[in-house]
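Asks: Let me give you the structure first, and then I'll get to my questions.
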Amino acid sequence: MTDLTALTIAEAREKLRAKEISAVELTDSYIAAIDAANGALNAYVALTPEKAREMAKASDAKYATGNAGALEGIPLGIKDLFGTMDVHTQAASHILDGFKPKYESTVTQNLWDDGAVMLGKLNMDEFAMGSSNETSYYGPTKNPWRAKDSNVDLVPGGSSGGSAAAVAAHICAGATATDTGGSIRQPAAFTGTVGIKPTYGRCSRWGVAAFASSLDQAGPITRDVRDAAIMLKSMASVDAKDTTSVDLPVPDYEAALGGSVKGMKIGIPAEYRMDGMDPEIVALWEQGIAWLKDAGAEIVDISLPNTKYALPAYYIVAPAEASSNLARYDGVKYGLRVPGKDITDMYEQTRAAGFGAEVKRRIMIGTYVLSAGYYDAYYLKAQKVRTLIKRDFENVFADGVDAILTPATPSAAFGIGDQDMKADPVKMYLNDVFTVTVNMAGLPGIAVPAGLSSTGLPLGLQLIGKPFDEETLFKTAGVIEQAAGKFTADKWW
Amino acid sequence: MNALVDTRTTDAKRLIPGATGDWELIIGLEVHAQVTSQSKLFSGSSTQFGAEPNANVSLVDAAMPGMLPVINQECVAQAVRTGLGLKAKINKKSVFDRKNYFYPDLPQGYQISQFQQPIVGEGTVHISVGPDKKGNFEEVEVGIERLHLEQDAGKSMHDQHPTMSYVDLNRSGVALMEIVSKPDMRSSDEAKAYVTKLRQIVRYLGTCDGNMDEGSMRADVNVSVRRPGEGFGTRCEIKNVNSIRFMGQAIEYEARRQIAILEDGGSIDQETRLFDPVKGETRSMRSKEEAHDYRYFPDPDLLPLEFDDAYIEALKADLPELPDEKRLRFLESGLSAYDANVLISEKAIADYFEKVAEGREAKQAANWVINDLLGALNKAGQGIEETPVTPQQLGTILDLIKEGTISGKIAKELFEIVFNEGGDPAKIVEERGMKQVTDTGAIEAAVDEIIAANPEKVEQVKEKPALAGWFVGQVMKSTGGKANPQAVQQLVKSKLGVE
């Protein structure tokens with residue numbers, strides 16, 4: 001038997017439709033692969049093999065009766081941030097100990113409705129706060145990629161590190177992820193996978209534990225652009241339960257693939273060329289520009305003048321919202337409770353024990369910037385910056401630019417326990433420097449693998465699109481993918 | 001928030017005499033009125049009062065991870081209606097904010113409220129204070145600062161377990177309107193009249209049931225005192241006062257407390273206080289230093305609330321007549337201020353009165369509704385909703401008087417029968433022989449009989465014509481009250497030869 005886990009979603013879909021393979025076979029292959037890999041990678045924090053087989057069986061029945069959905073029988077991993085009925089949902093945090101919701105998030109429900117199969121819940125930075133997956137209560141996920149001739153364990157990026165690692169290691173066909181400041185695109189870039197953060201409002205946030213409500217958006221991480229298009233089509237929907245979701249038809253994203261980029265205007269923002277930038281990243285960017293030029297796109301230099309304020313403003317807005325969103329984890333209703341001598345003591349004990357250091361840091365920052373006397377100087381100002389960042393993009397798009405090409409990350413994956421980043425959290429925050437602007441402006445952004453570093457690690461490029469123009473991103477990313485090829489990690493686990 | 005403005009002229013009659021001179025009392029109120037709606041402000045849970053603990057709790061109310069609020073449009077409409085009833089500015093764009101604090105009965109760790117951009121802005125409430133010793137009412141205008149929508153919290157229960165507290169989330173997320181007055185009231189009577197009027201308005205509108213004993217309406221009372229002519233003093237806020245009577249007591253107590261401190265050379269600490277109805281006093285709950293920093297910010301889960309003029313106009317067109325307008329109409333129909341005030345006090349009473357008065361004489365209808373019906377209901381400890389006498393029955397009684405079928409005196413008896421036993425008044429009159437005797441022959445015979453039996457009285461009448469009334473009374477008595485009083489009077493006078 002060939003290794004079914006090597007199939008992309010699109011390939012598996014064809015074989016399932018042709019009844020060359022069964023959903024149960026496919027699922028069993030993944031369960032076996034997970035068993036072999038998860039001990040080393042720590043990508044899954046909870047496994048649901050029985051549920052997976054049950055769902056796969058139902059999918060086979062659907063194929064038999066000709067009622068198969070768009071993702072029928074496709075085994076997926078689900079980021080632990082998504083509420084999944086009666087299944088471990090803890091946002092990789094100690095504070096949600098034992099929490100199994102009595103509801104299913106809209107995004108995952110959409111996937112199940114289309115026939116997808118759930119393999120389990122994927123590791124992540126605690127409450128999606130982190131860029132390395134090291135803030136997880138369950139310990140870091142390891143990147144399936146290692147540098148050439150090296151045994152050093154690398155981070156898969158974050159916060160959707162488990163999702164990216166699982167996709168790269170072929171222990172799920174595709175994964176759900178979320179992106180608040182780069183949490184889909186950075187791990188995708190670190191693992192040679194494709195990740196798209198759709199336009200804010202494209203996917204419902206209902207049932208997904210909130211980090212920063214005005215920035216959070218769900219999206220897929222997959223092995224290639226086509227799979228991302230397939231998955232996003234199923235994940236996206238308007239939702240009466242999330243009034244920030246948008247009532248626009250969900251296009252057939254797959255149909256956009258293979259289209260020509262001839263005559264398209266691709267903007268290259270001057271402000272993303274930063275001092276001291278890794279020459280390899282600069283070279284990758286130049287390569288991307290060359291590929292698109294070769295494909296007939298017009299390359300235009302653009303300016304997004306407020307870019308430099310995006311990261312600092314993001315690290316005010318996101319923690320502010322988080323400090324409020326995480327107030328509900330108080331030991332009163334569900335999850336962890338550490339008894340105290342009175343209610344205040346119980347709160348303090350519970351939250352001290354339940355949250356990790358990074359989450360606490362952000363709650364502290366968020367509480368500070370919202371405090372009386374500081375609100376105007378920090379939060380209000382950050383919101384104004386946000387408006388300016390949004391306007392920067394609007395101006396560029398109004399000038400006829402169809403998409404913007406930037407690097408996805410300032411570097412390749414770094415080592416687990418990197419001392420520099422441990423000593424200075426701001427260094428870790430700089431991982432988001434190319435991605436946060438997109439969340440601040442509510443735009444769609446896709447990370448697509450574009451090559452390997454000199455040490456053999458994957459590097460990604462980012463395309464930023466107009467609101468609800470994910471189709472252009474898929475089309476353009478497809479061109480880069482075509483030129484760059486796909487990248488698979490050598491199995492060491 | 002707007003700066004506080006003094007809209008009133010100091011009036012000596014309202015000043016409180018202290019040991020060292022007069023003091024003026026300043027009161028502003030924040031009234032929390034529960035919106036009448038089937039479901040909560042941001043979830044589909046029922047708002048029904050009195051359900052089993054935690055029976056009306058959705059995933060949103062319990063603040064499960066990833067749950068999101070969705071605005072209940074009916075609550076928005078109710079807030080706009082109330083704003084219109086307060087003659088207030090309706091803000092076509094308003095914003096929901098999060099008010100952050102930890103409390104076990106606040107599952108989200110924040111209350112969704114409106115801070116800088118409320119749904120309703122400035123408005124006015126007219127109150128009528130009195131009557132004073134001369135029976136006069138004083139009209140006072142109280143400014144409304146704003147009205148905003150917010151979520152109610154749940155309830156902590158500390159008496160259910162020896163070491164633990166229980167939480168009931170049935171109220172968690174129920175829609176409240178916080179109606180903030182300007183500091184325009186100068187006595188506890190004015191404050192009481194204001195809350196009474198506010199309750200009357202929301203009840204007329206059907207936007208809040210106004211039941212203070214069920215907690216549907218409660219007030220935070222801001223009280224300060226000052227020397228006449230000076231600027232506003234430091235205020236204390238008395239939290240969660242849940243009856244109009246308690247509010248009056250709390251204000252009186254708080255005024256005396258503050259005056260005593262100031263007269264002793266002390267100063268008032270700005271603080272939050274609680275009223276203890278058992279002891280009749282207020283006591284400190286938390287000082288300004290202990291006050292929460294609520295870290296308000298716009299709720300990112302909710303888009304700004306926006307609507308257009310057409311929406312407001314449509315709600316305006318459907319508004320019922322409000323108490324002030326009804327009162328004016330009643331005054332124009334010839335009722336006294338007293339009667340009008342009593343009749344409009346509750347919409348159900350006004351509705352009852354209007355049914356009785358339709359096609360009949362307003363003043364007479366008002367008298368019967370106020371003196372007889374409300375009197376009897378009051379005695380029976382019943383409200384207008386429980387009245388055993390329908391407006392149709394009372395109307396029939398009035399008609400029987402007008403036709404001359406029964407006398408006024410008999411009508412009172414008839415009313416009592418209908419009140420206690422029910423039945424068609426016309427039939428009762430028929431069956432029980434209560435009809436007024438208008439047959440002059442029969443009345444004449446009765447008059448003659450009384451005159452013949454009382455020769456000495458006949459003599460006295462010649463000296464004192466007013467004694468004719470005694471004869472009338474005797475005739476009425478002898479006819480069991482059924483004789484037409486006018487006919488009796490006429491006959492008595494002519495037979496006795498008095499004018």
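Quick note on naming: the chains in the structure tokens go A, B, ... in the order shown, residues restart at 1 in each chain, and ligands are numbered from 1 in order of appearance.
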I'd like a table as CSV: residues in chain A with an atom no more than 9 Å from chain B, each row giving the shortest atom pair and its distance in Å to one decimal, only C-alpha atoms counted, sorted by chain and rising residue number.

Replies:
residue,atom,partner,partner_atom,distance
A:Leu81,CA,B:Gly66,CA,8.7
A:Phe82,CA,B:Gly66,CA,8.0
A:Gly83,CA,B:Gly66,CA,7.3
A:Pro101,CA,B:Met64,CA,8.0
A:Lys102,CA,B:Leu59,CA,8.7
A:Tyr103,CA,B:Leu59,CA,8.6
A:Ser105,CA,B:Gly66,CA,7.9
A:Arg205,CA,B:Gly66,CA,7.1
A:Trp206,CA,B:Gly66,CA,5.6
A:Gly207,CA,B:Gly66,CA,4.0
A:Val208,CA,B:Gly66,CA,4.3
A:Ala209,CA,B:Gly66,CA,4.0
A:Ala210,CA,B:Gly66,CA,5.6
A:Ala212,CA,B:Pro300,CA,8.3
A:Ser213,CA,B:Pro300,CA,5.7
A:Ser214,CA,B:Pro300,CA,5.3
A:Ala240,CA,B:Val70,CA,7.9
A:Lys241,CA,B:Val70,CA,6.4
A:Asp242,CA,B:Leu68,CA,6.2
A:Thr243,CA,B:Val70,CA,6.4
A:Thr244,CA,B:Asp301,CA,6.8
A:Ala320,CA,B:Phe297,CA,8.8
A:Glu321,CA,B:Pro300,CA,7.8
A:Ser324,CA,B:Asn100,CA,6.8
A:Asn325,CA,B:Gln108,CA,7.8
A:Leu326,CA,B:Gly109,CA,8.1
A:Ala327,CA,B:Gly109,CA,4.8
A:Arg328,CA,B:Gln108,CA,4.6
A:Tyr329,CA,B:Gly109,CA,8.2
A:Asp330,CA,B:Gly109,CA,8.1
A:Val332,CA,B:Pro104,CA,6.4
A:Lys333,CA,B:Pro107,CA,7.6
A:Tyr334,CA,B:Met64,CA,8.4
A:Ile343,CA,B:Pro104,CA,8.0
A:Thr344,CA,B:Phe102,CA,8.7
A:Tyr347,CA,B:Phe102,CA,8.6
A:Thr367,CA,B:Arg295,CA,7.5
A:Tyr368,CA,B:Arg295,CA,8.9
A:Val369,CA,B:Arg295,CA,8.7
A:Leu370,CA,B:Arg295,CA,5.1
A:Ser371,CA,B:Arg295,CA,5.2
A:Ala372,CA,B:Asp293,CA,6.5
A:Tyr375,CA,B:Arg295,CA,8.0
A:Tyr379,CA,B:Phe297,CA,8.6

Asks: Mind checking which residues fall within 7 Å of Lys265 in chain A, counting only C-alpha atoms, ignoring those fewer than 3 positions away in the same chain, and posting them as a list of chain:residue names?

Replies: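 Listed by chain and then number, they are A:Ala297, A:Glu298, A:Ile299, A:Val300, A:Gly400, A:Val401, A:Asp402, A:Ala403.
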
Asks: Generate the output file for the selected residues, N, CA and C atoms, as a PDB file, in the first residue's frame.

Replies:
ATOM      1  N   ALA A 297       3.217  39.889 -14.441  1.00  0.00           N
ATOM      2  CA  ALA A 297       2.683  40.903 -13.529  1.00  0.00           C
ATOM      3  C   ALA A 297       3.526  42.170 -13.605  1.00  0.00           C
ATOM      4  N   GLU A 298       2.874  43.269 -13.326  1.00  0.00           N
ATOM      5  CA  GLU A 298       3.597  44.545 -13.299  1.00  0.00           C
ATOM      6  C   GLU A 298       4.021  44.798 -11.851  1.00  0.00           C
ATOM      7  N   ILE A 299       5.301  45.028 -11.661  1.00  0.00           N
ATOM      8  CA  ILE A 299       5.808  45.248 -10.303  1.00  0.00           C
ATOM      9  C   ILE A 299       5.881  46.757 -10.064  1.00  0.00           C
ATOM     10  N   VAL A 300       5.245  47.207  -8.991  1.00  0.00           N
ATOM     11  CA  VAL A 300       5.282  48.654  -8.705  1.00  0.00           C
ATOM     12  C   VAL A 300       5.783  48.885  -7.285  1.00  0.00           C
ATOM     13  N   GLY A 400      -4.650  51.123  -7.808  1.00  0.00           N
ATOM     14  CA  GLY A 400      -4.675  50.052  -8.806  1.00  0.00           C
ATOM     15  C   GLY A 400      -3.837  48.839  -8.471  1.00  0.00           C
ATOM     16  N   VAL A 401      -3.220  48.829  -7.292  1.00  0.00           N
ATOM     17  CA  VAL A 401      -2.431  47.653  -6.908  1.00  0.00           C
ATOM     18  C   VAL A 401      -3.389  46.501  -6.592  1.00  0.00           C
ATOM     19  N   ASP A 402      -3.089  45.313  -7.116  1.00  0.00           N
ATOM     20  CA  ASP A 402      -3.964  44.156  -6.915  1.00  0.00           C
ATOM     21  C   ASP A 402      -3.562  43.334  -5.704  1.00  0.00           C
ATOM     22  N   ALA A 403      -2.263  43.268  -5.451  1.00  0.00           N
ATOM     23  CA  ALA A 403      -1.774  42.522  -4.286  1.00  0.00           C
ATOM     24  C   ALA A 403      -0.393  43.049  -3.940  1.00  0.00           C
TER      25      ALA A 403
END

Asks: Can you pull out the residues contacting range 265-278 of chain B? Cut-off 9 Å, using only C-alpha atoms, and skip same-chain residues under 3 positions away; I want them as a PyMOL selection string.

Replies: chain B and resi 224+233-241+246-247+249-250+258+260-262+281-291

Asks: Quick one: pick out all strand (DSSP E) residues within range 105-344 of chain A from a backbone DSSP run and write them as JSON, numbers by chain.

Replies: {"A": [117, 118, 119, 120, 121, 122, 174, 175, 176, 177, 178, 179, 194, 195, 196, 197, 217, 218, 219, 220, 221, 222, 265, 266, 267, 268, 269, 298, 299, 300, 301, 302]}

Asks: Would you mind exporting the chosen residues as a tab-separated table (two decimals), in the first residue's frame, restricted to N, CA, C and O atoms?

Replies:
chain	number	residue	atom	x	y	z
A	117	VAL	N	-13.02	14.82	8.58
A	117	VAL	CA	-12.85	13.88	9.69
A	117	VAL	C	-11.89	14.51	10.70
A	117	VAL	O	-10.85	15.05	10.32
A	118	MET	N	-12.23	14.43	11.99
A	118	MET	CA	-11.35	15.05	13.00
A	118	MET	C	-10.39	14.03	13.60
A	118	MET	O	-10.81	13.03	14.16
A	119	LEU	N	-9.10	14.33	13.50
A	119	LEU	CA	-8.07	13.45	14.05
A	119	LEU	C	-7.75	13.79	15.50
A	119	LEU	O	-7.38	12.91	16.27
A	120	GLY	N	-7.87	15.05	15.85
A	120	GLY	CA	-7.55	15.45	17.22
A	120	GLY	C	-7.31	16.94	17.30
A	120	GLY	O	-7.55	17.68	16.34
A	121	LYS	N	-6.83	17.36	18.48
A	121	LYS	CA	-6.62	18.79	18.72
A	121	LYS	C	-5.12	19.10	18.72
A	121	LYS	O	-4.31	18.36	19.30
A	122	LEU	N	-4.79	20.20	18.08
A	122	LEU	CA	-3.40	20.52	17.82
A	122	LEU	C	-2.82	21.53	18.81
A	122	LEU	O	-3.51	22.47	19.25
A	174	GLY	N	-4.74	18.43	6.46
A	174	GLY	CA	-4.78	19.88	6.54
A	174	GLY	C	-5.18	20.22	7.97
A	174	GLY	O	-5.62	19.34	8.71
A	175	ALA	N	-5.03	21.48	8.35
A	175	ALA	CA	-5.33	21.84	9.73
A	175	ALA	C	-6.02	23.20	9.80
A	175	ALA	O	-5.78	24.07	8.95
A	176	THR	N	-6.85	23.34	10.81
A	176	THR	CA	-7.39	24.68	11.07
A	176	THR	C	-6.34	25.42	11.90
A	176	THR	O	-5.55	24.82	12.62
A	177	ALA	N	-6.38	26.73	11.77
A	177	ALA	CA	-5.44	27.57	12.50
A	177	ALA	C	-6.14	28.91	12.73
A	177	ALA	O	-7.24	29.14	12.22
A	178	THR	N	-5.52	29.75	13.51
A	178	THR	CA	-6.04	31.12	13.68
A	178	THR	C	-4.87	32.08	13.63
A	178	THR	O	-3.73	31.69	13.88
A	179	ASP	N	-5.20	33.32	13.30
A	179	ASP	CA	-4.15	34.31	13.06
A	179	ASP	C	-4.62	35.64	13.64
A	179	ASP	O	-5.63	36.21	13.22
A	194	VAL	N	1.51	26.14	3.40
A	194	VAL	CA	0.75	27.30	2.96
A	194	VAL	C	-0.25	27.66	4.05
A	194	VAL	O	-0.93	26.78	4.59
A	195	GLY	N	-0.32	28.95	4.38
A	195	GLY	CA	-1.30	29.38	5.37
A	195	GLY	C	-1.96	30.67	4.93
A	195	GLY	O	-1.27	31.60	4.51
A	196	ILE	N	-3.26	30.71	4.99
A	196	ILE	CA	-3.95	31.96	4.63
A	196	ILE	C	-4.78	32.47	5.80
A	196	ILE	O	-5.52	31.72	6.43
A	197	LYS	N	-4.57	33.75	6.11
A	197	LYS	CA	-5.46	34.44	7.04
A	197	LYS	C	-6.45	35.21	6.18
A	197	LYS	O	-6.07	36.14	5.48
A	217	GLN	N	-8.75	35.80	13.37
A	217	GLN	CA	-9.44	35.26	12.21
A	217	GLN	C	-8.92	33.84	11.97
A	217	GLN	O	-7.73	33.59	12.06
A	218	ALA	N	-9.85	32.94	11.68
A	218	ALA	CA	-9.49	31.55	11.41
A	218	ALA	C	-9.09	31.39	9.96
A	218	ALA	O	-9.52	32.16	9.09
A	219	GLY	N	-8.26	30.40	9.70
A	219	GLY	CA	-7.87	30.07	8.34
A	219	GLY	C	-7.21	28.71	8.34
A	219	GLY	O	-6.98	28.12	9.40
A	220	PRO	N	-6.90	28.16	7.16
A	220	PRO	CA	-6.29	26.84	7.08
A	220	PRO	C	-4.76	26.90	6.95
A	220	PRO	O	-4.21	27.90	6.48
A	221	ILE	N	-4.11	25.84	7.37
A	221	ILE	CA	-2.72	25.59	6.99
A	221	ILE	C	-2.72	24.26	6.23
A	221	ILE	O	-3.30	23.27	6.71
A	222	THR	N	-2.12	24.28	5.05
A	222	THR	CA	-2.18	23.10	4.18
A	222	THR	C	-0.84	22.90	3.49
A	222	THR	O	0.06	23.71	3.60
A	265	LYS	N	-1.08	44.24	-11.03
A	265	LYS	CA	-0.10	45.14	-10.39
A	265	LYS	C	0.25	44.57	-9.03
A	265	LYS	O	-0.61	44.43	-8.16
A	266	ILE	N	1.53	44.27	-8.85
A	266	ILE	CA	1.99	43.75	-7.56
A	266	ILE	C	2.82	44.84	-6.88
A	266	ILE	O	3.81	45.32	-7.43
A	267	GLY	N	2.37	45.25	-5.70
A	267	GLY	CA	3.06	46.32	-4.98
A	267	GLY	C	4.19	45.78	-4.12
A	267	GLY	O	4.05	44.73	-3.48
A	268	ILE	N	5.30	46.49	-4.13
A	268	ILE	CA	6.44	46.13	-3.28
A	268	ILE	C	6.67	47.29	-2.31
A	268	ILE	O	7.16	48.35	-2.69
A	269	PRO	N	6.28	47.10	-1.05
A	269	PRO	CA	6.34	48.23	-0.11
A	269	PRO	C	7.76	48.51	0.38
A	269	PRO	O	8.43	47.63	0.92
A	298	GLU	N	2.87	43.27	-13.33
A	298	GLU	CA	3.60	44.54	-13.30
A	298	GLU	C	4.02	44.80	-11.85
A	298	GLU	O	3.19	44.76	-10.93
A	299	ILE	N	5.30	45.03	-11.66
A	299	ILE	CA	5.81	45.25	-10.30
A	299	ILE	C	5.88	46.76	-10.06
A	299	ILE	O	6.47	47.49	-10.86
A	300	VAL	N	5.25	47.21	-8.99
A	300	VAL	CA	5.28	48.65	-8.70
A	300	VAL	C	5.78	48.88	-7.29
A	300	VAL	O	5.44	48.15	-6.36
A	301	ASP	N	6.63	49.91	-7.17
A	301	ASP	CA	7.10	50.29	-5.83
A	301	ASP	C	5.99	51.07	-5.15
A	301	ASP	O	5.43	52.00	-5.73
A	302	ILE	N	5.69	50.68	-3.95
A	302	ILE	CA	4.64	51.39	-3.20
A	302	ILE	C	5.19	51.79	-1.83
A	302	ILE	O	6.22	51.31	-1.39

Asks: List every residue of range 272-442 of chain A that DSSP, applied to the backbone, labels as alpha helix (DSSP H), and write the result as a PyMOL selection string.

Replies: chain A and resi 279-294+310-325+343-354+357-370+381-398+419-423+425-429+436-441

Asks: Those selected residues, please, written with C-alpha atoms and delivered as a PDB file, in the first residue's frame.

Replies:
ATOM      1  CA  PRO A 279      20.209  38.950   3.095  1.00  0.00           C
ATOM      2  CA  GLU A 280      18.643  35.561   2.480  1.00  0.00           C
ATOM      3  CA  ILE A 281      15.220  37.040   3.089  1.00  0.00           C
ATOM      4  CA  VAL A 282      16.009  39.944   0.771  1.00  0.00           C
ATOM      5  CA  ALA A 283      17.125  37.497  -1.897  1.00  0.00           C
ATOM      6  CA  LEU A 284      13.970  35.424  -1.480  1.00  0.00           C
ATOM      7  CA  TRP A 285      11.860  38.531  -1.897  1.00  0.00           C
ATOM      8  CA  GLU A 286      13.773  39.497  -5.058  1.00  0.00           C
ATOM      9  CA  GLN A 287      13.221  35.991  -6.377  1.00  0.00           C
ATOM     10  CA  GLY A 288       9.497  36.271  -5.742  1.00  0.00           C
ATOM     11  CA  ILE A 289       9.401  39.598  -7.568  1.00  0.00           C
ATOM     12  CA  ALA A 290      11.250  38.041 -10.496  1.00  0.00           C
ATOM     13  CA  TRP A 291       8.840  35.087 -10.703  1.00  0.00           C
ATOM     14  CA  LEU A 292       5.788  37.324 -10.773  1.00  0.00           C
ATOM     15  CA  LYS A 293       7.425  39.629 -13.313  1.00  0.00           C
ATOM     16  CA  ASP A 294       8.171  36.614 -15.477  1.00  0.00           C
ATOM     17  CA  ALA A 310       2.075  48.664  13.285  1.00  0.00           C
ATOM     18  CA  LEU A 311       3.964  46.359  15.626  1.00  0.00           C
ATOM     19  CA  PRO A 312       3.934  48.700  18.645  1.00  0.00           C
ATOM     20  CA  ALA A 313       0.271  49.532  18.056  1.00  0.00           C
ATOM     21  CA  TYR A 314      -0.531  45.834  17.699  1.00  0.00           C
ATOM     22  CA  TYR A 315       1.136  45.108  21.011  1.00  0.00           C
ATOM     23  CA  ILE A 316      -1.234  47.598  22.626  1.00  0.00           C
ATOM     24  CA  VAL A 317      -4.492  46.644  20.910  1.00  0.00           C
ATOM     25  CA  ALA A 318      -4.068  42.874  21.120  1.00  0.00           C
ATOM     26  CA  PRO A 319      -3.113  42.694  24.816  1.00  0.00           C
ATOM     27  CA  ALA A 320      -5.838  45.222  25.689  1.00  0.00           C
ATOM     28  CA  GLU A 321      -8.526  43.032  24.164  1.00  0.00           C
ATOM     29  CA  ALA A 322      -6.881  39.903  25.552  1.00  0.00           C
ATOM     30  CA  SER A 323      -6.835  41.277  29.103  1.00  0.00           C
ATOM     31  CA  SER A 324     -10.615  41.577  28.892  1.00  0.00           C
ATOM     32  CA  ASN A 325     -11.265  38.401  26.883  1.00  0.00           C
ATOM     33  CA  ILE A 343     -13.077  34.865  46.372  1.00  0.00           C
ATOM     34  CA  THR A 344     -10.253  37.283  45.569  1.00  0.00           C
ATOM     35  CA  ASP A 345      -7.673  34.811  46.795  1.00  0.00           C
ATOM     36  CA  MET A 346      -9.304  32.077  44.702  1.00  0.00           C
ATOM     37  CA  TYR A 347      -9.115  34.308  41.607  1.00  0.00           C
ATOM     38  CA  GLU A 348      -5.489  35.108  42.260  1.00  0.00           C
ATOM     39  CA  GLN A 349      -4.430  31.531  42.989  1.00  0.00           C
ATOM     40  CA  THR A 350      -6.327  30.180  40.005  1.00  0.00           C
ATOM     41  CA  ARG A 351      -5.052  32.701  37.504  1.00  0.00           C
ATOM     42  CA  ALA A 352      -1.521  32.548  38.902  1.00  0.00           C
ATOM     43  CA  ALA A 353      -1.458  28.785  38.465  1.00  0.00           C
ATOM     44  CA  GLY A 354      -3.568  28.608  35.322  1.00  0.00           C
ATOM     45  CA  ALA A 357       4.192  33.698  31.816  1.00  0.00           C
ATOM     46  CA  GLU A 358       3.524  35.080  28.326  1.00  0.00           C
ATOM     47  CA  VAL A 359      -0.234  35.179  28.853  1.00  0.00           C
ATOM     48  CA  LYS A 360       0.284  36.928  32.182  1.00  0.00           C
ATOM     49  CA  ARG A 361       2.619  39.419  30.558  1.00  0.00           C
ATOM     50  CA  ARG A 362       0.020  40.307  27.952  1.00  0.00           C
ATOM     51  CA  ILE A 363      -2.779  40.546  30.507  1.00  0.00           C
ATOM     52  CA  MET A 364      -0.606  42.942  32.480  1.00  0.00           C
ATOM     53  CA  ILE A 365       0.216  45.028  29.420  1.00  0.00           C
ATOM     54  CA  GLY A 366      -3.424  45.070  28.355  1.00  0.00           C
ATOM     55  CA  THR A 367      -4.663  46.019  31.803  1.00  0.00           C
ATOM     56  CA  TYR A 368      -2.108  48.805  31.968  1.00  0.00           C
ATOM     57  CA  VAL A 369      -2.914  50.357  28.596  1.00  0.00           C
ATOM     58  CA  LEU A 370      -6.644  50.416  29.367  1.00  0.00           C
ATOM     59  CA  LYS A 381      -3.602  56.296  20.068  1.00  0.00           C
ATOM     60  CA  ALA A 382      -3.058  52.714  18.906  1.00  0.00           C
ATOM     61  CA  GLN A 383      -6.547  52.693  17.420  1.00  0.00           C
ATOM     62  CA  LYS A 384      -5.727  55.880  15.543  1.00  0.00           C
ATOM     63  CA  VAL A 385      -2.544  54.273  14.234  1.00  0.00           C
ATOM     64  CA  ARG A 386      -4.668  51.371  13.141  1.00  0.00           C
ATOM     65  CA  THR A 387      -6.859  53.690  11.115  1.00  0.00           C
ATOM     66  CA  LEU A 388      -3.764  55.157   9.474  1.00  0.00           C
ATOM     67  CA  ILE A 389      -2.386  51.707   8.620  1.00  0.00           C
ATOM     68  CA  LYS A 390      -5.699  50.779   7.081  1.00  0.00           C
ATOM     69  CA  ARG A 391      -5.674  53.996   5.073  1.00  0.00           C
ATOM     70  CA  ASP A 392      -2.153  53.236   3.791  1.00  0.00           C
ATOM     71  CA  PHE A 393      -3.450  50.036   2.247  1.00  0.00           C
ATOM     72  CA  GLU A 394      -6.623  51.657   0.942  1.00  0.00           C
ATOM     73  CA  ASN A 395      -4.568  54.286  -0.856  1.00  0.00           C
ATOM     74  CA  VAL A 396      -2.366  51.691  -2.490  1.00  0.00           C
ATOM     75  CA  PHE A 397      -5.286  49.572  -3.603  1.00  0.00           C
ATOM     76  CA  ALA A 398      -7.071  52.674  -4.865  1.00  0.00           C
ATOM     77  CA  GLN A 419      18.252  32.424  24.566  1.00  0.00           C
ATOM     78  CA  ASP A 420      18.035  35.776  22.788  1.00  0.00           C
ATOM     79  CA  MET A 421      14.280  35.629  22.576  1.00  0.00           C
ATOM     80  CA  LYS A 422      13.934  34.313  26.100  1.00  0.00           C
ATOM     81  CA  ALA A 423      15.902  37.260  27.410  1.00  0.00           C
ATOM     82  CA  PRO A 425      10.277  39.189  24.602  1.00  0.00           C
ATOM     83  CA  VAL A 426      10.337  42.046  22.108  1.00  0.00           C
ATOM     84  CA  LYS A 427      12.726  39.982  19.939  1.00  0.00           C
ATOM     85  CA  MET A 428      10.055  37.308  19.833  1.00  0.00           C
ATOM     86  CA  TYR A 429       7.413  39.903  19.011  1.00  0.00           C
ATOM     87  CA  VAL A 436       0.671  42.288  11.951  1.00  0.00           C
ATOM     88  CA  THR A 437      -0.138  45.105   9.531  1.00  0.00           C
ATOM     89  CA  VAL A 438      -2.505  42.747   7.742  1.00  0.00           C
ATOM     90  CA  ASN A 439      -4.457  41.995  10.924  1.00  0.00           C
ATOM     91  CA  MET A 440      -4.506  45.655  11.915  1.00  0.00           C
ATOM     92  CA  ALA A 441      -6.060  46.471   8.528  1.00  0.00           C
TER      93      ALA A 441
END

Asks: For a quick check of understanding, using only C-alpha atoms, which of B:Asn242, B:Asn72, B:Thr396, B:Gln114 has the smallest distance to Ala33 in chain B?

Replies: B:Asn242

Asks: By how many Å are CA of Glu122 in chain B and CA of Leu198 in chain B apart?

Replies: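 A separation of 14.8 Å between them.
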
Asks: Would you kindly return, as a PyMOL selection string, each protein, DNA or RNA residue with an atom no farther than 8 Å from any atom of range 448-450 of chain B, considering only C-alpha atoms and excluding same-chain residues fewer than 5 positions away?

Replies: chain B and resi 471+474-475
